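File shown here: input-v2.cif, holding mmCIF, C-alpha atoms.
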```
data_work
#
loop_
_atom_site.label_atom_id
_atom_site.label_comp_id
_atom_site.auth_asym_id
_atom_site.auth_seq_id
_atom_site.Cartn_x
_atom_site.Cartn_y
_atom_site.Cartn_z
CA MET A 1 137.28 -156.84 246.50
CA GLU A 2 139.49 -154.58 248.56
CA LEU A 3 137.73 -155.64 251.72
CA VAL A 4 139.27 -159.08 251.43
CA ASP A 5 142.71 -157.64 251.97
CA THR A 6 141.74 -155.77 255.08
CA LEU A 7 140.24 -158.77 256.85
CA ASP A 8 143.51 -160.37 257.83
CA LEU A 9 145.21 -157.12 258.64
CA GLY A 10 145.42 -157.92 262.34
CA SER A 11 146.96 -161.34 261.95
CA SER A 12 149.60 -160.14 259.53
CA ALA A 13 150.76 -157.33 261.78
CA VAL A 14 154.38 -157.20 262.86
CA ARG A 15 154.86 -159.02 266.16
CA CYS A 16 156.89 -157.60 269.02
CA GLU A 17 160.00 -159.56 269.86
CA SER A 18 159.08 -160.24 273.45
CA SER A 19 155.54 -161.30 272.88
CA SER A 20 153.88 -161.12 276.27
CA LEU A 21 150.47 -162.52 277.07
CA SER A 22 148.87 -159.11 277.27
CA PHE A 23 150.20 -158.29 273.85
CA ARG A 24 148.61 -161.39 272.39
CA THR A 25 145.33 -160.66 274.13
CA LYS A 26 145.43 -157.17 272.71
CA GLN A 27 146.11 -158.58 269.28
CA LYS A 28 143.18 -160.98 269.62
CA ASN A 29 140.82 -158.23 270.71
CA GLU A 30 141.91 -156.11 267.80
CA ASN A 31 141.35 -159.00 265.42
CA MET A 32 137.93 -159.54 266.89
CA LEU A 33 137.03 -155.92 266.22
CA VAL A 34 138.22 -156.28 262.63
CA GLY A 35 135.94 -159.32 262.39
CA LEU A 36 132.98 -157.46 263.88
CA PHE A 37 133.65 -154.63 261.46
CA ALA A 38 133.62 -157.11 258.57
CA LEU A 39 130.35 -158.69 259.77
CA LEU A 40 128.79 -155.22 259.88
CA VAL A 41 130.10 -154.43 256.40
CA PHE A 42 128.38 -157.58 255.09
CA LEU A 43 125.22 -156.67 256.98
CA ILE A 44 125.17 -153.21 255.40
CA PHE A 45 125.87 -154.67 251.97
CA GLY A 46 122.92 -157.01 252.55
CA GLU A 47 120.79 -154.01 253.46
CA ALA A 48 121.94 -152.14 250.34
CA ILE A 49 121.24 -155.06 248.02
CA GLN A 50 117.84 -155.63 249.60
CA SER A 51 116.68 -152.07 249.03
CA TRP A 52 118.35 -151.99 245.63
CA ILE A 53 116.66 -155.00 244.04
CA ALA A 54 113.72 -155.16 246.48
CA ILE A 55 113.80 -158.88 247.28
CA PRO A 56 111.92 -160.03 250.38
CA VAL A 57 114.88 -161.99 251.84
CA PRO A 58 116.04 -160.53 255.20
CA SER A 59 119.09 -158.30 254.80
CA SER A 60 121.10 -160.26 257.38
CA ILE A 61 120.56 -163.43 255.32
CA ILE A 62 121.75 -161.64 252.17
CA GLY A 63 124.82 -160.54 254.14
CA MET A 64 125.32 -164.15 255.23
CA ILE A 65 125.13 -165.38 251.63
CA LEU A 66 127.66 -162.72 250.54
CA LEU A 67 130.04 -163.84 253.28
CA LEU A 68 129.49 -167.49 252.31
CA ILE A 69 130.34 -166.67 248.68
CA LEU A 70 133.50 -164.89 249.80
CA ILE A 71 134.51 -167.88 251.95
CA ILE A 72 133.82 -170.36 249.13
CA LEU A 73 135.83 -168.26 246.66
CA ARG A 74 138.80 -168.07 249.02
CA ASN A 75 138.18 -171.61 250.31
CA LYS A 76 139.31 -170.29 253.68
CA ILE A 77 137.51 -168.66 256.59
CA PRO A 78 139.03 -165.27 257.51
CA LYS A 79 140.46 -165.67 261.00
CA SER A 80 139.15 -162.34 262.27
CA ILE A 81 135.57 -163.05 261.20
CA GLU A 82 135.69 -166.47 262.81
CA LEU A 83 136.96 -164.86 266.05
CA ALA A 84 134.13 -162.33 266.06
CA ALA A 85 131.45 -164.90 265.20
CA ASN A 86 132.70 -167.27 267.89
CA ALA A 87 132.67 -164.44 270.42
CA LEU A 88 129.10 -163.42 269.59
CA ALA A 89 127.50 -166.87 269.24
CA PRO A 90 127.53 -167.89 272.95
CA LEU A 91 125.82 -164.60 273.83
CA LEU A 92 122.88 -165.33 271.56
CA PRO A 93 120.40 -166.01 274.42
CA LEU A 94 121.20 -162.56 275.82
CA PHE A 95 120.56 -160.91 272.45
CA ILE A 96 117.24 -162.76 272.15
CA ILE A 97 115.78 -161.74 275.52
CA PRO A 98 114.80 -158.14 274.58
CA ILE A 99 112.94 -159.31 271.44
CA SER A 100 111.12 -162.08 273.33
CA ALA A 101 110.16 -159.63 276.05
CA GLY A 102 108.04 -157.93 273.38
CA LEU A 103 105.62 -160.77 274.05
CA ILE A 104 104.28 -158.56 276.84
CA THR A 105 102.61 -156.48 274.12
CA GLN A 106 100.95 -159.63 272.69
CA SER A 107 99.41 -160.88 275.91
CA ALA A 108 95.92 -160.85 274.36
CA ILE A 109 96.98 -163.44 271.76
CA ILE A 110 98.57 -165.63 274.43
CA GLU A 111 95.55 -165.45 276.73
CA GLN A 112 93.14 -166.25 273.94
CA HIS A 113 95.06 -168.77 271.88
CA GLY A 114 97.99 -169.85 274.04
CA LEU A 115 96.82 -173.40 274.60
CA LYS A 116 95.88 -173.95 270.95
CA LEU A 117 99.27 -172.60 269.89
CA LEU A 118 101.02 -174.96 272.29
CA VAL A 119 99.10 -177.92 270.85
CA ILE A 120 99.86 -176.83 267.26
CA LEU A 121 103.56 -176.38 268.01
CA THR A 122 103.73 -179.83 269.61
CA LEU A 123 101.64 -181.73 267.04
CA SER A 124 103.38 -180.23 264.02
CA LEU A 125 106.71 -181.65 265.19
CA ILE A 126 105.59 -185.25 264.64
CA PRO A 127 105.03 -185.22 260.83
CA GLY A 128 108.27 -183.25 260.42
CA VAL A 129 110.23 -185.91 262.32
CA LEU A 130 108.53 -188.76 260.46
CA VAL A 131 109.21 -187.28 257.02
CA THR A 132 112.84 -186.61 257.97
CA ALA A 133 113.25 -190.20 259.17
CA ALA A 134 111.51 -191.58 256.07
CA VAL A 135 113.78 -189.69 253.66
CA LEU A 136 116.89 -190.78 255.53
CA ARG A 137 115.79 -194.44 255.71
CA TRP A 138 114.35 -194.83 252.22
CA ARG A 139 116.48 -197.35 250.26
CA ASN A 140 119.37 -196.56 252.54
CA LYS A 141 121.32 -199.57 253.83
CA MET B 1 115.20 -128.40 303.33
CA PRO B 2 113.76 -131.78 302.46
CA SER B 3 111.52 -130.34 299.79
CA GLU B 4 114.55 -129.70 297.55
CA LEU B 5 115.57 -133.33 297.64
CA ALA B 6 113.81 -135.49 295.12
CA SER B 7 111.66 -138.16 296.70
CA SER B 8 112.91 -141.71 296.34
CA GLU B 9 109.81 -142.51 294.37
CA SER B 10 110.52 -139.92 291.71
CA ILE B 11 114.15 -141.05 291.54
CA ILE B 12 112.99 -144.57 290.79
CA THR B 13 110.57 -143.28 288.18
CA THR B 14 113.42 -141.41 286.52
CA LEU B 15 115.71 -144.42 286.64
CA LEU B 16 113.07 -146.63 285.05
CA GLN B 17 113.09 -144.35 282.02
CA LEU B 18 116.82 -144.83 281.40
CA PRO B 19 118.02 -147.20 278.68
CA SER B 20 120.99 -148.19 280.83
CA THR B 21 118.71 -149.30 283.67
CA TRP B 22 116.96 -151.76 281.37
CA LEU B 23 120.24 -152.85 279.86
CA MET B 24 121.43 -153.61 283.39
CA ILE B 25 118.20 -155.45 284.27
CA THR B 26 118.38 -157.55 281.08
CA LEU B 27 122.01 -158.48 281.68
CA GLY B 28 121.23 -159.27 285.32
CA ALA B 29 118.23 -161.41 284.32
CA TYR B 30 120.39 -163.31 281.84
CA LEU B 31 123.13 -163.90 284.41
CA MET B 32 120.57 -165.17 286.92
CA GLY B 33 119.09 -167.41 284.22
CA LEU B 34 122.56 -168.75 283.49
CA LYS B 35 123.13 -169.48 287.17
CA LEU B 36 119.76 -171.20 287.50
CA TYR B 37 120.53 -173.31 284.43
CA LYS B 38 123.82 -174.47 285.95
CA GLN B 39 122.22 -175.16 289.34
CA THR B 40 119.55 -177.36 287.74
CA ASN B 41 122.29 -179.36 285.95
CA ASN B 42 121.49 -177.83 282.57
CA SER B 43 117.82 -178.73 282.69
CA PRO B 44 116.35 -178.58 279.17
CA TRP B 45 113.20 -177.03 280.66
CA LEU B 46 115.08 -174.03 281.99
CA PRO B 47 117.35 -172.56 279.30
CA PRO B 48 118.81 -169.17 280.36
CA VAL B 49 116.88 -167.44 277.61
CA LEU B 50 113.58 -168.63 279.11
CA SER B 51 114.28 -167.70 282.72
CA GLY B 52 115.96 -164.45 281.63
CA PHE B 53 112.91 -163.64 279.52
CA ALA B 54 110.56 -164.43 282.43
CA LEU B 55 112.53 -162.19 284.79
CA VAL B 56 112.50 -159.27 282.35
CA ILE B 57 108.77 -159.69 281.74
CA ALA B 58 108.21 -159.76 285.50
CA MET B 59 110.19 -156.54 285.94
CA LEU B 60 108.27 -154.81 283.14
CA TRP B 61 105.00 -155.92 284.65
CA LEU B 62 105.90 -154.94 288.22
CA THR B 63 107.13 -151.47 287.24
CA ASP B 64 104.39 -150.99 284.65
CA THR B 65 106.98 -149.94 282.08
CA PRO B 66 105.93 -149.76 278.42
CA TYR B 67 107.85 -152.09 276.11
CA SER B 68 108.91 -149.10 273.95
CA THR B 69 110.72 -147.59 276.95
CA TYR B 70 112.35 -150.93 277.70
CA GLN B 71 113.44 -151.42 274.09
CA GLN B 72 115.50 -148.21 274.16
CA GLY B 73 117.92 -150.19 276.28
CA GLY B 74 117.01 -153.63 274.97
CA GLN B 75 117.64 -152.78 271.34
CA LEU B 76 121.33 -152.34 272.12
CA LEU B 77 121.36 -156.11 272.61
CA SER B 78 118.91 -157.16 269.89
CA PHE B 79 120.98 -155.17 267.43
CA PHE B 80 123.62 -157.91 267.60
CA LEU B 81 121.24 -160.48 266.08
CA GLY B 82 122.15 -159.05 262.65
CA PRO B 83 125.91 -159.73 262.84
CA VAL B 84 125.19 -163.14 264.44
CA VAL B 85 123.07 -164.15 261.43
CA VAL B 86 125.77 -162.97 259.01
CA GLY B 87 128.29 -165.05 260.97
CA LEU B 88 126.20 -168.20 260.35
CA ALA B 89 128.03 -168.36 257.00
CA ILE B 90 130.95 -169.96 258.86
CA PRO B 91 129.14 -173.08 260.18
CA LEU B 92 127.25 -173.26 256.88
CA PHE B 93 130.56 -173.50 255.00
CA HIS B 94 131.82 -176.21 257.39
CA HIS B 95 128.61 -178.21 256.99
CA PHE B 96 128.59 -178.04 253.19
CA HIS B 97 132.06 -179.45 253.37
CA ASN B 98 131.09 -182.26 255.71
CA MET B 99 127.96 -183.39 253.92
CA ARG B 100 129.42 -183.77 250.43
CA ARG B 101 129.11 -187.56 250.48
CA GLN B 102 125.37 -187.75 251.06
CA PHE B 103 124.55 -184.29 249.88
CA LEU B 104 121.31 -185.00 248.00
CA ARG B 105 119.72 -187.24 250.59
CA LEU B 106 120.54 -184.93 253.50
CA LEU B 107 119.37 -181.86 251.60
CA LEU B 108 116.14 -183.64 250.64
CA ALA B 109 115.53 -184.65 254.26
CA ILE B 110 116.05 -181.04 255.34
CA ILE B 111 113.77 -179.61 252.65
CA LEU B 112 110.94 -182.13 253.04
CA GLY B 113 111.18 -182.50 256.82
CA SER B 114 111.33 -178.80 257.63
CA PHE B 115 108.64 -177.70 255.21
CA THR B 116 106.35 -180.52 256.38
CA THR B 117 106.45 -179.38 260.01
CA VAL B 118 105.94 -175.75 258.97
CA LEU B 119 103.13 -176.59 256.57
CA VAL B 120 101.27 -178.63 259.19
CA ALA B 121 101.67 -175.84 261.75
CA VAL B 122 100.57 -173.12 259.33
CA VAL B 123 97.53 -175.09 258.11
CA LEU B 124 96.48 -175.94 261.68
CA THR B 125 96.85 -172.30 262.73
CA HIS B 126 94.94 -171.06 259.72
CA TYR B 127 91.94 -173.33 260.28
CA TRP B 128 91.96 -173.44 264.05
CA ILE B 129 92.82 -169.84 264.96
CA GLY B 130 92.37 -168.02 261.67
CA ILE B 131 94.20 -164.78 262.46
CA ASP B 132 96.50 -163.98 259.56
CA VAL B 133 99.27 -162.32 261.51
CA ILE B 134 99.57 -165.40 263.76
CA THR B 135 99.55 -167.75 260.76
CA VAL B 136 102.33 -165.76 259.07
CA THR B 137 104.34 -165.73 262.29
CA MET B 138 103.86 -169.50 262.69
CA ALA B 139 105.75 -170.04 259.41
CA SER B 140 109.06 -169.06 261.02
CA LYS B 141 108.70 -171.45 263.96
CA SER B 142 111.23 -174.02 262.80
CA VAL B 143 114.34 -171.87 262.56
CA THR B 144 116.77 -170.50 265.09
CA THR B 145 115.55 -167.30 266.81
CA PRO B 146 117.74 -164.62 265.14
CA VAL B 147 116.65 -165.88 261.72
CA ALA B 148 113.02 -166.35 262.82
CA VAL B 149 112.95 -162.73 264.02
CA ALA B 150 114.40 -161.56 260.70
CA ILE B 151 111.80 -163.60 258.78
CA ALA B 152 108.95 -162.31 260.96
CA GLU B 153 110.05 -158.71 260.37
CA GLN B 154 110.29 -159.37 256.65
CA THR B 155 106.87 -161.04 256.36
CA ALA B 156 105.07 -158.53 258.61
CA GLY B 157 104.62 -161.14 261.33
CA LEU B 158 105.18 -160.47 265.02
CA PRO B 159 108.88 -160.85 265.95
CA ALA B 160 108.17 -161.33 269.66
CA LEU B 161 105.61 -164.03 268.95
CA ALA B 162 108.02 -165.68 266.52
CA ALA B 163 110.68 -165.75 269.25
CA ALA B 164 108.17 -167.34 271.63
CA PHE B 165 107.12 -169.98 269.06
CA VAL B 166 110.73 -170.83 268.41
CA MET B 167 111.50 -171.10 272.11
CA VAL B 168 108.52 -173.37 272.81
CA THR B 169 109.19 -175.50 269.70
CA GLY B 170 112.81 -175.95 270.71
CA ILE B 171 112.08 -176.95 274.28
CA ILE B 172 109.27 -179.40 273.40
CA GLY B 173 111.14 -180.77 270.38
CA ALA B 174 114.33 -181.38 272.35
CA ALA B 175 112.29 -183.27 274.93
CA ILE B 176 110.05 -185.43 272.72
CA ILE B 177 111.95 -186.03 269.45
CA PRO B 178 114.57 -188.44 270.89
CA LEU B 179 111.81 -190.30 272.78
CA LEU B 180 109.56 -190.52 269.71
CA LEU B 181 112.33 -191.92 267.52
CA LYS B 182 113.46 -194.37 270.18
CA TRP B 183 109.88 -195.56 270.57
CA LEU B 184 109.66 -196.13 266.79
CA SER B 185 113.11 -197.80 266.93
CA LEU B 186 114.35 -195.30 264.36
CA ASP B 187 116.98 -193.82 266.65
CA SER B 188 120.37 -193.28 264.99
CA PRO B 189 122.85 -190.38 265.13
CA GLN B 190 121.82 -189.38 261.63
CA ILE B 191 118.04 -189.61 261.99
CA THR B 192 117.76 -188.25 265.53
CA GLY B 193 120.42 -185.60 264.94
CA MET B 194 118.82 -184.37 261.72
CA SER B 195 115.31 -184.38 263.23
CA LEU B 196 116.50 -182.36 266.21
CA GLY B 197 118.20 -179.79 263.99
CA ILE B 198 115.30 -179.53 261.53
CA CYS B 199 112.46 -179.40 264.07
CA ALA B 200 114.04 -178.03 267.23
CA HIS B 201 116.92 -175.82 265.90
CA ALA B 202 119.44 -174.60 268.51
CA VAL B 203 117.76 -176.10 271.58
CA GLY B 204 117.56 -179.41 269.74
CA THR B 205 121.21 -179.13 268.82
CA SER B 206 122.27 -178.66 272.42
CA ARG B 207 120.18 -181.75 273.28
CA ALA B 208 121.94 -183.59 270.44
CA LEU B 209 125.26 -182.62 271.96
CA GLU B 210 124.26 -184.52 275.11
CA LEU B 211 123.49 -187.61 272.99
CA GLY B 212 126.87 -187.54 271.28
CA GLN B 213 129.23 -185.72 268.92
CA GLU B 214 127.85 -187.39 265.80
CA TYR B 215 124.27 -186.49 266.74
CA ALA B 216 125.38 -182.90 267.29
CA ALA B 217 127.20 -182.65 263.95
CA TYR B 218 124.09 -183.72 262.03
CA SER B 219 121.85 -181.52 264.15
CA ALA B 220 123.98 -178.39 263.75
CA MET B 221 124.15 -178.91 260.01
CA ALA B 222 120.39 -179.46 259.67
CA MET B 223 119.64 -176.44 261.85
CA THR B 224 121.86 -174.06 259.87
CA LEU B 225 120.61 -175.26 256.50
CA THR B 226 116.98 -175.12 257.59
CA ALA B 227 117.46 -171.54 258.78
CA ALA B 228 119.13 -170.40 255.55
CA LEU B 229 116.60 -172.21 253.37
CA HIS B 230 113.54 -170.90 255.21
CA ALA B 231 114.85 -167.33 255.29
CA ILE B 232 115.28 -167.41 251.54
CA VAL B 233 112.04 -169.23 250.64
CA LEU B 234 109.40 -168.20 253.21
CA PRO B 235 109.30 -164.42 252.52
CA TRP B 236 108.22 -165.12 248.93
CA LEU B 237 105.26 -167.18 250.11
CA PHE B 238 103.77 -164.79 252.64
#
```
Will you turn the file into structure tokens for me?
Amino acid sequence: MELVDTLDLGSSAVRCESSSLSFRTKQKNENMLVGLFALLVFLIFGEAIQSWIAIPVPSSIIGMILLLILIILRNKIPKSIELAANALAPLLPLFIIPISAGLITQSAIIEQHGLKLLVILTLSLIPGVLVTAAVLRWRNK
Amino acid sequence: MPSELASSESIITTLLQLPSTWLMITLGAYLMGLKLYKQTNNSPWLPPVLSGFALVIAMLWLTDTPYSTYQQGGQLLSFFLGPVVVGLAIPLFHHFHNMRRQFLRLLLAIILGSFTTVLVAVVLTHYWIGIDVITVTMASKSVTTPVAVAIAEQTAGLPALAAAFVMVTGIIGAAIIPLLLKWLSLDSPQITGMSLGICAHAVGTSRALELGQEYAAYSAMAMTLTAALHAIVLPWLF
């Protein structure tokens, strides 16, 4: 895969002799963009595969599996991708807000079934926890 | 000639149509949520995503803005959920590495534990509420939001409702799971950590982090594996 070679492009760049802080920051930002680019490439590949073989798995998950395969094959996480993923992850709550705000269009469901849903969500936790604990304890120590 | 100047009311109406206005409001709501979270000493009942969400909803309601108008700005942010999900491959790789020793048992706990909680929720919803689109959406309740949204879109559920289920599950789970296990004297880094990750995803994992590093390691692993597993399996069932 040619893509593999491009991933570490930033980190293998020639360094200036007097490496100042701003230079390193610049380098890091550039690397991060390379990483974001790579994540998008995997996302698009996921999209392509999904429409190609028509499987119901979300395209972003297919992209994730492709990236996982690449990482396992190289047995090393590309630095640029790690930089980009680490930069995006803490912002997750911000990315989620617009989707959750769509709840405003579902207010009828919440008004009618909100309490029942709350009870279901709470109750269903208990068997999940018990089964998890049982599997972990069974014939263990 | 005052008639040539637009009235302040019409200016506001124009501004409320702009994607950048809603982008600004969303970012502002998130920052306020973040501040509130810090001021309440990281209260598990007030994660920034919840207060940010409440503020945005309040703004939409006050200005009577349709969600489709809002989403023209909002989608710039929700777009990033895709790359975030792809990036989950990195923690997944780390966790596979770390769980080699007990691989089968941990994997079994994740499979059985996570599908039990989902099955119970789906069955209860089906018989108690009986609206298919809600039942389908309920199936994605046990995974981290970006993945839950992707599953809901894939299974023709309601992404916004999925996000709400996930948020509520996480907050309640993070609060009651450690108490429940302590009460049953089953509390250990492995059991509590795994339960938090399986049943309360990211919110549970941040709770696990408060309990200790070992708790958090198990929780993060369980959360990532549950998300990947459910995203692959659930769309075939619904």
- [ ] For the file shown, report as an NGL selection string the outcome of the PyMOL selection byres ((chain B) within 6 of (chain A)) at residue level.
- [x] :B and (49 or 53 or 57 or 74 or 77-78 or 82-83 or 85-87 or 89 or 109 or 113 or 116-117 or 120-121 or 150 or 160 or 163 or 169 or 191 or 195 or 232 or 235)
Open item on the list: Report, in Å with one decimal, the straight-line distance from CA of Thr26 (chain B) to CA of Tyr70 (chain B).
Closed with: 9.6 Å
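Listed by chain and then by number, the residues chosen by the PyMOL selection byres ((chain B and resi 4-18) around 12) in this file are Met1, Pro2, Ser3, Pro19, Ser20, Thr21, Trp22, Leu23, Met24, Ile25, Met59, Leu60, Leu62, Thr63, Asp64, Thr65, Pro66, Tyr67, Ser68, Thr69, Tyr70, Gln71, Gln72, Gly73 and Gly74 of chain B.
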Save out the residues we just selected, C-alpha atoms, as a PDB file, in the frame of the given file.
```pdb
ATOM      1  CA  MET B   1     115.200-128.400 303.330  1.00  0.00           C
ATOM      2  CA  PRO B   2     113.760-131.780 302.460  1.00  0.00           C
ATOM      3  CA  SER B   3     111.520-130.340 299.790  1.00  0.00           C
ATOM      4  CA  PRO B  19     118.020-147.200 278.680  1.00  0.00           C
ATOM      5  CA  SER B  20     120.990-148.190 280.830  1.00  0.00           C
ATOM      6  CA  THR B  21     118.710-149.300 283.670  1.00  0.00           C
ATOM      7  CA  TRP B  22     116.960-151.760 281.370  1.00  0.00           C
ATOM      8  CA  LEU B  23     120.240-152.850 279.860  1.00  0.00           C
ATOM      9  CA  MET B  24     121.430-153.610 283.390  1.00  0.00           C
ATOM     10  CA  ILE B  25     118.200-155.450 284.270  1.00  0.00           C
ATOM     11  CA  MET B  59     110.190-156.540 285.940  1.00  0.00           C
ATOM     12  CA  LEU B  60     108.270-154.810 283.140  1.00  0.00           C
ATOM     13  CA  LEU B  62     105.900-154.940 288.220  1.00  0.00           C
ATOM     14  CA  THR B  63     107.130-151.470 287.240  1.00  0.00           C
ATOM     15  CA  ASP B  64     104.390-150.990 284.650  1.00  0.00           C
ATOM     16  CA  THR B  65     106.980-149.940 282.080  1.00  0.00           C
ATOM     17  CA  PRO B  66     105.930-149.760 278.420  1.00  0.00           C
ATOM     18  CA  TYR B  67     107.850-152.090 276.110  1.00  0.00           C
ATOM     19  CA  SER B  68     108.910-149.100 273.950  1.00  0.00           C
ATOM     20  CA  THR B  69     110.720-147.590 276.950  1.00  0.00           C
ATOM     21  CA  TYR B  70     112.350-150.930 277.700  1.00  0.00           C
ATOM     22  CA  GLN B  71     113.440-151.420 274.090  1.00  0.00           C
ATOM     23  CA  GLN B  72     115.500-148.210 274.160  1.00  0.00           C
ATOM     24  CA  GLY B  73     117.920-150.190 276.280  1.00  0.00           C
ATOM     25  CA  GLY B  74     117.010-153.630 274.970  1.00  0.00           C
TER      26      GLY B  74
END
```
Open item on the list: Applying 9 Å and all atoms listed in the file, which residues near Trp45 (chain B) remain after dropping the ones on its own chain fewer than 5 positions away? List them as a list in words.
Closed with: Leu50, Ile171, Ile172 and Ala175 of chain B
Task: From B:Leu112, B:Ala216, B:Leu234, B:Leu34, residue lying nearest Thr137 (chain B) [all atoms listed in the file] - done: B:Leu234
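Rounded to one decimal, CA of Gly204 (chain B) and CA of Pro178 (chain B) lie 9.6 Å from each other.
As for CA of Gly157 (chain B) and CA of Phe79 (chain B), they are spaced 18.5 Å apart.
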TODO: Would you mind listing what lies within 12 Å of Ser219 (chain B) as a PyMOL selection string, with all atoms listed in the file counted and same-chain residues fewer than 6 positions away left out?
DONE: chain B and resi 91+95+106+110+174+188-213+225-226
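Proximity of B:Thr224, B:Gln102, B:Gln75, B:Ser142 to Phe165 (chain B), computed with all atoms listed in the file, is greatest for B:Ser142.
The shortest atom-to-atom distance to Phe115 (chain B), with all atoms listed in the file taken into account, belongs to B:Ser140 out of B:Thr135, B:Ser140, B:Ser51, B:Thr40.
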Rebuild region 188-201 of chain B to N, CA and C atoms - output it as a PDB file, in the coordinates of the input, please.
```pdb
ATOM      1  N   SER B 188     118.984-193.153 265.444  1.00  0.00           N
ATOM      2  CA  SER B 188     120.370-193.280 264.990  1.00  0.00           C
ATOM      3  C   SER B 188     120.959-191.869 265.020  1.00  0.00           C
ATOM      4  N   PRO B 189     122.294-191.746 265.085  1.00  0.00           N
ATOM      5  CA  PRO B 189     122.850-190.380 265.130  1.00  0.00           C
ATOM      6  C   PRO B 189     122.355-189.535 263.971  1.00  0.00           C
ATOM      7  N   GLN B 190     122.235-190.178 262.780  1.00  0.00           N
ATOM      8  CA  GLN B 190     121.820-189.380 261.630  1.00  0.00           C
ATOM      9  C   GLN B 190     120.347-188.957 261.738  1.00  0.00           C
ATOM     10  N   ILE B 191     119.472-189.930 261.984  1.00  0.00           N
ATOM     11  CA  ILE B 191     118.040-189.610 261.990  1.00  0.00           C
ATOM     12  C   ILE B 191     117.678-188.704 263.179  1.00  0.00           C
ATOM     13  N   THR B 192     118.104-189.071 264.367  1.00  0.00           N
ATOM     14  CA  THR B 192     117.760-188.250 265.530  1.00  0.00           C
ATOM     15  C   THR B 192     118.432-186.880 265.457  1.00  0.00           C
ATOM     16  N   GLY B 193     119.701-186.872 265.051  1.00  0.00           N
ATOM     17  CA  GLY B 193     120.420-185.600 264.940  1.00  0.00           C
ATOM     18  C   GLY B 193     119.754-184.668 263.942  1.00  0.00           C
ATOM     19  N   MET B 194     119.458-185.199 262.755  1.00  0.00           N
ATOM     20  CA  MET B 194     118.820-184.370 261.720  1.00  0.00           C
ATOM     21  C   MET B 194     117.452-183.873 262.183  1.00  0.00           C
ATOM     22  N   SER B 195     116.654-184.780 262.782  1.00  0.00           N
ATOM     23  CA  SER B 195     115.310-184.380 263.230  1.00  0.00           C
ATOM     24  C   SER B 195     115.393-183.263 264.265  1.00  0.00           C
ATOM     25  N   LEU B 196     116.347-183.393 265.182  1.00  0.00           N
ATOM     26  CA  LEU B 196     116.500-182.360 266.210  1.00  0.00           C
ATOM     27  C   LEU B 196     116.864-181.019 265.586  1.00  0.00           C
ATOM     28  N   GLY B 197     117.771-181.042 264.620  1.00  0.00           N
ATOM     29  CA  GLY B 197     118.200-179.790 263.990  1.00  0.00           C
ATOM     30  C   GLY B 197     117.097-179.161 263.155  1.00  0.00           C
ATOM     31  N   ILE B 198     116.352-180.027 262.432  1.00  0.00           N
ATOM     32  CA  ILE B 198     115.300-179.530 261.530  1.00  0.00           C
ATOM     33  C   ILE B 198     114.112-179.001 262.339  1.00  0.00           C
ATOM     34  N   CYS B 199     113.692-179.747 263.356  1.00  0.00           N
ATOM     35  CA  CYS B 199     112.460-179.400 264.070  1.00  0.00           C
ATOM     36  C   CYS B 199     112.674-178.612 265.351  1.00  0.00           C
ATOM     37  N   ALA B 200     113.863-178.695 265.938  1.00  0.00           N
ATOM     38  CA  ALA B 200     114.040-178.030 267.230  1.00  0.00           C
ATOM     39  C   ALA B 200     115.291-177.140 267.267  1.00  0.00           C
ATOM     40  N   HIS B 201     115.823-176.801 266.053  1.00  0.00           N
ATOM     41  CA  HIS B 201     116.920-175.820 265.900  1.00  0.00           C
ATOM     42  C   HIS B 201     117.968-175.842 267.009  1.00  0.00           C
TER      43      HIS B 201
END
```
